[in-house]
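Here's the structure we're looking at; comments come further down.
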Amino acid sequence: MFLKNIKSERIQILQYILKWFVLSIPVGLLVGSMVALFLWLLTSAIFFRFSHDYLLYLLPLAGVAIHFMYKFLGKSSEKGNNLIMDEIHQPGGGVPPQMGPLVLITTVITHLFGGSAGREGTAVQIGGSIAQLLAKWFKLSAIDVKTFLMAGVAAGFGAVFGTPLTGAIFAIEVIALGRLKYDAIIPCLFASIIGDFTVNAWGIAHTHYHIDFVEAKDFFLSAYLHWDVLLIFKIILASVAFGLVSFLFATLVHRIKNIFSAVIKTTWLIPFFGGIAIILLTFLVGKSDYLSLGVHAEYDGAITIASAFKAGGADTFSWLWKTIFTTVTLGTGFKGGEVTPLFYIGATLGNTLATFMDAPISLFAALGFIAVFAGATNTPLACTFMGIELFGGQYVLFFAIACFTAYFFSGHSG
């Protein structure tokens, strides 16, 4: 009887794995293909703006166009990522199929005209809308629809950054309400890996970053300890700052949205004045480094995420300027995401802190890269794995310390 029960359990596990592997193939392929198209269009739009500076002055009109596109075509799509999470927790009207194409187009418009936003929100919404559509076609049960939506989120996130393991963990961690849904890890991992494979198959390359720090063998108390305690102490101090900046970012997005809504009663004027604010901020700063993603350099010497990994690659307050630019962009209704700007904020803040604390610049840029994201999205576990996938497993202790410290000091208000 005992052996029979074990055999039955193994068969059920095998059936579960095969079922979700088969279901993950179409969602991974479709989401990966859409994300590949999105990344290609996004990069093309950014470089087109680089050679046409005047496009920034049309940002207010682009914001108005985005507003009316969502008003007439979006239905519930305006809720974005929150709608997908709501559907996972408490199914309602479903994720509308137009969410994916609409957020793709409006995100490209945001970046084409210089808005400071990210791209992961778009990829997640693409994943959620495709998963919802396929779930209807496959006539999945209510429980399976929840898991399938999580797989769509994982496919989108893993594909857009080239981090399939992080995508899977992010999908189960970001929607957790006190507990992780571990039974969804297999579908999420399958979908994320297939999505990442599909993006690579389309020839879309991801940006690579490198930590050139090698931990010294001779450090304080090295005769008794395996880890440099002084370096770890500096990492903890920096990570407290990373967490506080995460809190600042999340708070500013909500405050700016509330202030503009309270002051401007005509809703289409909110993105219009948001665009004007970005133009004025660009004049105030005197350079365009804080527009768009912050991944590509518009000119030699521009401050980007990659430059933050080198000495002198960021100004003292680059992180603050990017925070202001991005929170104004997102708080006034432009589309995109938060994660890539959070990478920029974290990497430049890490650069600044490393300079002040006489710490390894590339290491602290990498720690800020993942830790500010961890604090802002309440996903320290996923961000620890992101550090491993992007920068290498030899720094895993530092990644974990940074991500969980930032998470605890972020106030959980992501």
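In the structure tokens, chains take the letters A, B, ... in the order shown, each chain's residues start at 1, and ligands count up from 1 in the order shown.
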
- [ ] Might you pull out every residue within 8 Å of segment 381-398 of chain A, with only C-alpha atoms counted and same-chain residues fewer than 3 positions away left off, and present them as a count of residues only?
- [x] 23

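With atom CA of Ile105 of chain A on one side and atom CA of Phe48 of chain A on the other, the separation reads 15.6 Å.
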
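Distance-wise, atom CA of Gly158 of chain A and atom CA of Gly127 of chain A end up 10.3 Å apart.
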
Task: For Phe113 of chain A: contacts at 6 Å, only C-alpha atoms, fewer than 4 positions along chain excluded, given as number ranges by chain - done: A: 55-56, 59

Would you mind exporting C-alpha atoms of the selected residues as a compact mmCIF listing (two decimals), in the first residue's frame?
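again_26.txt, written as the output of this step:
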```
# COMPACT_ATOMS: atom_id res chain seq x y z
CA LEU A 55 11.40 65.33 -30.13
CA LEU A 56 11.75 66.14 -26.43
CA LEU A 59 6.72 65.09 -25.03
```

TODO: Quick one: everything within 7 Å of segment 259-276 of chain A, counting only C-alpha atoms, minus sequence neighbours fewer than 6 positions away in the same chain. Send it as a ChimeraX atom specification.
DONE: /A:59-61,63-64,67,328-329,332-334

Save out the residues we just selected, all heavy atoms, as a JSON list (two decimals), in the first residue's frame.
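Result file is part28.json:
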```
[["chain", "number", "residue", "atom", "x", "y", "z"],
["A", 59, "LEU", "N", 7.10, 66.02, -26.09],
["A", 59, "LEU", "CA", 6.72, 65.09, -25.03],
["A", 59, "LEU", "C", 5.36, 65.41, -24.42],
["A", 59, "LEU", "O", 4.57, 64.49, -24.16],
["A", 59, "LEU", "CB", 7.80, 65.07, -23.94],
["A", 59, "LEU", "CG", 7.58, 64.09, -22.79],
["A", 59, "LEU", "CD1", 7.52, 62.65, -23.29],
["A", 59, "LEU", "CD2", 8.69, 64.23, -21.74],
["A", 60, "PRO", "N", 5.02, 66.69, -24.17],
["A", 60, "PRO", "CA", 3.68, 66.97, -23.62],
["A", 60, "PRO", "C", 2.55, 66.46, -24.52],
["A", 60, "PRO", "O", 1.56, 65.91, -24.03],
["A", 60, "PRO", "CB", 3.66, 68.50, -23.51],
["A", 60, "PRO", "CG", 5.09, 68.88, -23.38],
["A", 60, "PRO", "CD", 5.84, 67.91, -24.25],
["A", 61, "LEU", "N", 2.70, 66.64, -25.84],
["A", 61, "LEU", "CA", 1.67, 66.17, -26.77],
["A", 61, "LEU", "C", 1.64, 64.64, -26.80],
["A", 61, "LEU", "O", 0.56, 64.04, -26.93],
["A", 61, "LEU", "CB", 1.93, 66.72, -28.17],
["A", 61, "LEU", "CG", 1.87, 68.25, -28.31],
["A", 61, "LEU", "CD1", 2.15, 68.67, -29.74],
["A", 61, "LEU", "CD2", 0.50, 68.78, -27.85],
["A", 63, "GLY", "N", 2.25, 62.76, -24.28],
["A", 63, "GLY", "CA", 1.52, 62.38, -23.06],
["A", 63, "GLY", "C", 0.02, 62.46, -23.24],
["A", 63, "GLY", "O", -0.72, 61.59, -22.75],
["A", 64, "VAL", "N", -0.44, 63.50, -23.91],
["A", 64, "VAL", "CA", -1.88, 63.64, -24.17],
["A", 64, "VAL", "C", -2.36, 62.49, -25.06],
["A", 64, "VAL", "O", -3.43, 61.91, -24.83],
["A", 64, "VAL", "CB", -2.17, 65.00, -24.84],
["A", 64, "VAL", "CG1", -3.64, 65.10, -25.25],
["A", 64, "VAL", "CG2", -1.81, 66.15, -23.89],
["A", 67, "HIS", "N", -2.72, 59.38, -23.04],
["A", 67, "HIS", "CA", -3.91, 59.47, -22.19],
["A", 67, "HIS", "C", -5.17, 59.06, -22.97],
["A", 67, "HIS", "O", -5.97, 58.24, -22.48],
["A", 67, "HIS", "CB", -4.07, 60.90, -21.67],
["A", 67, "HIS", "CG", -5.39, 61.14, -20.99],
["A", 67, "HIS", "ND1", -5.62, 60.82, -19.68],
["A", 67, "HIS", "CD2", -6.55, 61.67, -21.45],
["A", 67, "HIS", "CE1", -6.85, 61.13, -19.35],
["A", 67, "HIS", "NE2", -7.45, 61.65, -20.41],
["A", 328, "VAL", "N", 8.40, 61.77, -11.91],
["A", 328, "VAL", "CA", 7.54, 62.73, -12.61],
["A", 328, "VAL", "C", 6.95, 62.08, -13.86],
["A", 328, "VAL", "O", 5.74, 62.22, -14.14],
["A", 328, "VAL", "CB", 8.32, 64.00, -12.99],
["A", 328, "VAL", "CG1", 7.51, 64.89, -13.93],
["A", 328, "VAL", "CG2", 8.68, 64.80, -11.74],
["A", 329, "THR", "N", 7.76, 61.35, -14.59],
["A", 329, "THR", "CA", 7.29, 60.69, -15.81],
["A", 329, "THR", "C", 6.17, 59.69, -15.51],
["A", 329, "THR", "O", 5.09, 59.73, -16.12],
["A", 329, "THR", "CB", 8.45, 59.95, -16.51],
["A", 329, "THR", "OG1", 9.45, 60.90, -16.90],
["A", 329, "THR", "CG2", 7.95, 59.21, -17.75],
["A", 332, "THR", "N", 2.81, 61.12, -13.79],
["A", 332, "THR", "CA", 1.90, 61.93, -14.60],
["A", 332, "THR", "C", 1.29, 61.16, -15.77],
["A", 332, "THR", "O", 0.69, 61.76, -16.65],
["A", 332, "THR", "CB", 2.62, 63.19, -15.14],
["A", 332, "THR", "OG1", 3.80, 62.80, -15.86],
["A", 332, "THR", "CG2", 3.02, 64.11, -13.99],
["A", 333, "GLY", "N", 1.45, 59.83, -15.77],
["A", 333, "GLY", "CA", 0.69, 59.02, -16.71],
["A", 333, "GLY", "C", 1.43, 58.47, -17.89],
["A", 333, "GLY", "O", 0.81, 57.80, -18.74],
["A", 334, "PHE", "N", 2.73, 58.70, -18.01],
["A", 334, "PHE", "CA", 3.47, 58.08, -19.10],
["A", 334, "PHE", "C", 3.68, 56.59, -18.78],
["A", 334, "PHE", "O", 3.60, 56.18, -17.63],
["A", 334, "PHE", "CB", 4.81, 58.79, -19.31],
["A", 334, "PHE", "CG", 4.67, 60.17, -19.89],
["A", 334, "PHE", "CD1", 4.51, 61.27, -19.06],
["A", 334, "PHE", "CD2", 4.68, 60.37, -21.26],
["A", 334, "PHE", "CE1", 4.37, 62.55, -19.59],
["A", 334, "PHE", "CE2", 4.53, 61.64, -21.80],
["A", 334, "PHE", "CZ", 4.38, 62.74, -20.96]]
```

Open item on the list: So that I can check the surroundings of segment 315-324 of chain A, please list as a VMD selection string every protein, DNA and RNA residue that reaches within 6 Å of it, counting only C-alpha atoms and ignoring chain neighbours fewer than 3 positions away.
Closed with: chain A and resid 290 327 345 348 to 349 352

Could you please write out, as a short mmCIF file (atom, residue, chain, number, x, y, z; two decimals) with N, CA, C and O atoms, in the first residue's frame, every residue of segment 98-186 of chain A that DSSP assigns to helix (DSSP H, G or I)?
```
data_model
loop_
_atom_site.label_atom_id
_atom_site.label_comp_id
_atom_site.auth_asym_id
_atom_site.auth_seq_id
_atom_site.Cartn_x
_atom_site.Cartn_y
_atom_site.Cartn_z
N MET A 99 -4.22 44.90 -23.62
CA MET A 99 -3.24 45.47 -22.68
C MET A 99 -1.83 45.38 -23.24
O MET A 99 -1.07 46.35 -23.19
N GLY A 100 -1.44 44.21 -23.76
CA GLY A 100 -0.09 44.02 -24.25
C GLY A 100 0.29 44.96 -25.38
O GLY A 100 1.26 45.73 -25.27
N PRO A 101 -0.45 44.93 -26.50
CA PRO A 101 -0.11 45.84 -27.61
C PRO A 101 -0.19 47.31 -27.22
O PRO A 101 0.64 48.12 -27.67
N LEU A 102 -1.16 47.67 -26.37
CA LEU A 102 -1.33 49.08 -26.00
C LEU A 102 -0.15 49.57 -25.17
O LEU A 102 0.38 50.66 -25.42
N VAL A 103 0.27 48.79 -24.19
CA VAL A 103 1.38 49.24 -23.35
C VAL A 103 2.69 49.21 -24.14
O VAL A 103 3.59 50.03 -23.91
N LEU A 104 2.81 48.29 -25.10
CA LEU A 104 4.00 48.27 -25.95
C LEU A 104 4.11 49.57 -26.75
O LEU A 104 5.16 50.23 -26.75
N ILE A 105 3.02 49.95 -27.40
CA ILE A 105 3.03 51.15 -28.24
C ILE A 105 3.26 52.41 -27.40
O ILE A 105 4.08 53.27 -27.75
N THR A 106 2.56 52.51 -26.26
CA THR A 106 2.67 53.73 -25.46
C THR A 106 4.02 53.83 -24.75
O THR A 106 4.51 54.94 -24.52
N THR A 107 4.65 52.70 -24.44
CA THR A 107 5.99 52.75 -23.85
C THR A 107 7.00 53.23 -24.88
O THR A 107 7.88 54.04 -24.58
N VAL A 108 6.90 52.73 -26.10
CA VAL A 108 7.79 53.20 -27.17
C VAL A 108 7.60 54.69 -27.40
O VAL A 108 8.57 55.43 -27.58
N ILE A 109 6.35 55.16 -27.36
CA ILE A 109 6.08 56.59 -27.52
C ILE A 109 6.73 57.38 -26.38
O ILE A 109 7.35 58.43 -26.61
N THR A 110 6.60 56.89 -25.16
CA THR A 110 7.21 57.57 -24.01
C THR A 110 8.71 57.76 -24.22
O THR A 110 9.25 58.85 -24.00
N HIS A 111 9.39 56.71 -24.66
CA HIS A 111 10.84 56.79 -24.83
C HIS A 111 11.24 57.55 -26.09
O HIS A 111 12.28 58.22 -26.11
N LEU A 112 10.42 57.47 -27.11
CA LEU A 112 10.71 58.20 -28.35
C LEU A 112 10.79 59.71 -28.10
O LEU A 112 11.62 60.41 -28.70
N GLU A 120 10.30 46.90 -17.89
CA GLU A 120 9.82 45.63 -17.34
C GLU A 120 8.31 45.63 -17.15
O GLU A 120 7.66 44.59 -17.30
N GLY A 121 7.73 46.79 -16.81
CA GLY A 121 6.27 46.87 -16.66
C GLY A 121 5.57 46.49 -17.94
O GLY A 121 4.55 45.80 -17.94
N THR A 122 6.14 46.93 -19.05
CA THR A 122 5.59 46.60 -20.36
C THR A 122 5.70 45.10 -20.62
O THR A 122 4.74 44.46 -21.07
N ALA A 123 6.86 44.51 -20.33
CA ALA A 123 7.06 43.08 -20.56
C ALA A 123 6.12 42.25 -19.69
O ALA A 123 5.56 41.24 -20.13
N VAL A 124 5.94 42.66 -18.44
CA VAL A 124 5.05 41.94 -17.52
C VAL A 124 3.61 42.00 -18.02
O VAL A 124 2.88 41.00 -17.99
N GLN A 125 3.18 43.18 -18.49
CA GLN A 125 1.81 43.32 -18.99
C GLN A 125 1.61 42.56 -20.30
O GLN A 125 0.53 42.01 -20.55
N ILE A 126 2.64 42.52 -21.13
CA ILE A 126 2.58 41.69 -22.34
C ILE A 126 2.39 40.23 -21.93
O ILE A 126 1.54 39.51 -22.48
N GLY A 127 3.17 39.78 -20.96
CA GLY A 127 3.08 38.40 -20.50
C GLY A 127 1.72 38.08 -19.91
O GLY A 127 1.14 37.03 -20.19
N GLY A 128 1.20 39.00 -19.09
CA GLY A 128 -0.11 38.77 -18.47
C GLY A 128 -1.24 38.72 -19.47
O GLY A 128 -2.13 37.87 -19.38
N SER A 129 -1.22 39.63 -20.45
CA SER A 129 -2.32 39.67 -21.42
C SER A 129 -2.29 38.45 -22.34
O SER A 129 -3.34 37.89 -22.67
N ILE A 130 -1.10 38.01 -22.74
CA ILE A 130 -1.00 36.82 -23.59
C ILE A 130 -1.41 35.58 -22.81
O ILE A 130 -2.12 34.70 -23.33
N ALA A 131 -0.98 35.49 -21.55
CA ALA A 131 -1.35 34.33 -20.73
C ALA A 131 -2.87 34.26 -20.53
O ALA A 131 -3.45 33.17 -20.59
N GLN A 132 -3.50 35.40 -20.29
CA GLN A 132 -4.96 35.42 -20.11
C GLN A 132 -5.67 34.97 -21.38
O GLN A 132 -6.64 34.19 -21.33
N LEU A 133 -5.20 35.42 -22.54
CA LEU A 133 -5.81 35.05 -23.81
C LEU A 133 -5.66 33.55 -24.06
O LEU A 133 -6.63 32.87 -24.44
N LEU A 134 -4.46 33.03 -23.83
CA LEU A 134 -4.24 31.59 -24.04
C LEU A 134 -5.04 30.75 -23.05
O LEU A 134 -5.52 29.67 -23.39
N ALA A 135 -5.17 31.25 -21.82
CA ALA A 135 -5.94 30.51 -20.81
C ALA A 135 -7.39 30.34 -21.25
O ALA A 135 -8.00 29.29 -21.02
N LYS A 136 -7.94 31.36 -21.90
CA LYS A 136 -9.31 31.26 -22.41
C LYS A 136 -9.38 30.24 -23.55
O LYS A 136 -10.31 29.45 -23.63
N TRP A 137 -8.40 30.28 -24.44
CA TRP A 137 -8.38 29.33 -25.56
C TRP A 137 -8.25 27.90 -25.06
O TRP A 137 -8.87 26.98 -25.60
N PHE A 138 -7.40 27.70 -24.03
CA PHE A 138 -7.17 26.36 -23.50
C PHE A 138 -8.23 25.92 -22.49
O PHE A 138 -8.23 24.78 -22.03
N ALA A 142 -10.00 27.88 -12.98
CA ALA A 142 -9.70 29.14 -12.30
C ALA A 142 -8.35 29.09 -11.60
O ALA A 142 -7.58 30.05 -11.62
N ILE A 143 -8.06 27.96 -10.97
CA ILE A 143 -6.78 27.81 -10.27
C ILE A 143 -5.62 27.81 -11.26
O ILE A 143 -4.59 28.46 -11.06
N ASP A 144 -5.79 27.11 -12.38
CA ASP A 144 -4.73 27.07 -13.39
C ASP A 144 -4.53 28.42 -14.07
O ASP A 144 -3.41 28.76 -14.48
N VAL A 145 -5.59 29.21 -14.19
CA VAL A 145 -5.46 30.55 -14.77
C VAL A 145 -4.53 31.41 -13.92
O VAL A 145 -3.69 32.15 -14.44
N LYS A 146 -4.67 31.32 -12.60
CA LYS A 146 -3.79 32.09 -11.71
C LYS A 146 -2.34 31.71 -11.94
O LYS A 146 -1.46 32.58 -12.07
N THR A 147 -2.07 30.42 -12.00
CA THR A 147 -0.71 29.95 -12.23
C THR A 147 -0.20 30.36 -13.61
O THR A 147 0.96 30.75 -13.78
N PHE A 148 -1.11 30.31 -14.60
CA PHE A 148 -0.73 30.66 -15.97
C PHE A 148 -0.39 32.14 -16.07
O PHE A 148 0.53 32.52 -16.80
N LEU A 149 -1.13 32.99 -15.35
CA LEU A 149 -0.81 34.41 -15.32
C LEU A 149 0.57 34.66 -14.72
O LEU A 149 1.34 35.49 -15.20
N MET A 150 0.89 33.92 -13.66
CA MET A 150 2.21 34.04 -13.06
C MET A 150 3.29 33.60 -14.04
O MET A 150 4.37 34.21 -14.12
N ALA A 151 3.01 32.54 -14.81
CA ALA A 151 3.96 32.09 -15.82
C ALA A 151 4.16 33.15 -16.90
O ALA A 151 5.28 33.35 -17.38
N GLY A 152 3.08 33.84 -17.26
CA GLY A 152 3.20 34.93 -18.23
C GLY A 152 4.06 36.06 -17.70
O GLY A 152 4.88 36.64 -18.43
N VAL A 153 3.88 36.40 -16.43
CA VAL A 153 4.70 37.44 -15.79
C VAL A 153 6.16 37.01 -15.80
O VAL A 153 7.07 37.79 -16.12
N ALA A 154 6.42 35.75 -15.44
CA ALA A 154 7.79 35.23 -15.42
C ALA A 154 8.43 35.28 -16.80
O ALA A 154 9.60 35.67 -16.95
N ALA A 155 7.66 34.89 -17.82
CA ALA A 155 8.18 34.90 -19.18
C ALA A 155 8.55 36.31 -19.62
O ALA A 155 9.60 36.53 -20.23
N GLY A 156 7.69 37.27 -19.30
CA GLY A 156 7.96 38.66 -19.67
C GLY A 156 9.18 39.21 -18.97
O GLY A 156 10.05 39.82 -19.59
N PHE A 157 9.26 38.99 -17.67
CA PHE A 157 10.37 39.54 -16.89
C PHE A 157 11.69 38.85 -17.26
O PHE A 157 12.71 39.51 -17.46
N GLY A 158 11.68 37.53 -17.35
CA GLY A 158 12.90 36.81 -17.70
C GLY A 158 13.39 37.15 -19.09
O GLY A 158 14.60 37.27 -19.32
N ALA A 159 12.46 37.35 -20.01
CA ALA A 159 12.84 37.64 -21.39
C ALA A 159 13.40 39.05 -21.55
O ALA A 159 14.35 39.26 -22.30
N VAL A 160 12.84 40.03 -20.84
CA VAL A 160 13.24 41.42 -21.06
C VAL A 160 14.62 41.71 -20.50
O VAL A 160 15.33 42.59 -20.99
N PHE A 161 15.05 40.96 -19.47
CA PHE A 161 16.36 41.20 -18.88
C PHE A 161 17.36 40.08 -19.13
O PHE A 161 18.53 40.21 -18.77
N PRO A 164 16.33 34.31 -16.70
CA PRO A 164 15.17 33.41 -16.58
C PRO A 164 14.90 32.94 -15.15
O PRO A 164 13.74 32.82 -14.75
N LEU A 165 15.94 32.64 -14.38
CA LEU A 165 15.71 32.20 -13.00
C LEU A 165 15.12 33.32 -12.17
O LEU A 165 14.18 33.12 -11.39
N THR A 166 15.64 34.53 -12.34
CA THR A 166 15.10 35.69 -11.64
C THR A 166 13.64 35.92 -12.02
O THR A 166 12.81 36.24 -11.18
N GLY A 167 13.33 35.76 -13.31
CA GLY A 167 11.96 35.94 -13.77
C GLY A 167 11.00 35.01 -13.06
O GLY A 167 9.91 35.42 -12.65
N ALA A 168 11.40 33.75 -12.90
CA ALA A 168 10.54 32.77 -12.23
C ALA A 168 10.33 33.12 -10.77
O ALA A 168 9.20 33.09 -10.26
N ILE A 169 11.40 33.48 -10.08
CA ILE A 169 11.29 33.80 -8.65
C ILE A 169 10.56 35.12 -8.46
O ILE A 169 9.74 35.26 -7.54
N PHE A 170 10.81 36.09 -9.33
CA PHE A 170 10.12 37.37 -9.26
C PHE A 170 8.61 37.18 -9.36
O PHE A 170 7.83 37.80 -8.63
N ALA A 171 8.18 36.30 -10.27
CA ALA A 171 6.75 36.09 -10.50
C ALA A 171 6.04 35.56 -9.27
O ALA A 171 4.90 35.93 -8.99
N ILE A 172 6.70 34.69 -8.50
CA ILE A 172 6.04 34.14 -7.30
C ILE A 172 6.26 35.03 -6.07
O ILE A 172 5.48 34.97 -5.13
N GLU A 173 7.30 35.87 -6.11
CA GLU A 173 7.59 36.72 -4.95
C GLU A 173 6.84 38.04 -4.99
O GLU A 173 6.38 38.53 -3.96
N TYR A 182 4.93 28.26 -4.04
CA TYR A 182 6.01 27.44 -4.58
C TYR A 182 5.53 26.46 -5.64
O TYR A 182 6.32 26.03 -6.50
N ASP A 183 4.27 26.07 -5.61
CA ASP A 183 3.80 25.12 -6.62
C ASP A 183 3.76 25.74 -8.01
O ASP A 183 3.60 25.02 -9.01
N ALA A 184 3.93 27.07 -8.09
CA ALA A 184 3.95 27.73 -9.40
C ALA A 184 5.36 27.89 -9.95
O ALA A 184 5.53 28.38 -11.08
N ILE A 185 6.38 27.48 -9.19
CA ILE A 185 7.75 27.72 -9.63
C ILE A 185 8.10 26.96 -10.90
O ILE A 185 8.81 27.48 -11.78
N ILE A 186 7.57 25.73 -11.06
CA ILE A 186 7.87 24.95 -12.26
C ILE A 186 7.29 25.61 -13.50
O ILE A 186 8.01 25.82 -14.50
#
```

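Taking atom CA of Gly331 of chain A and atom CA of Val253 of chain A as the two end points, the separation is 5.1 Å.
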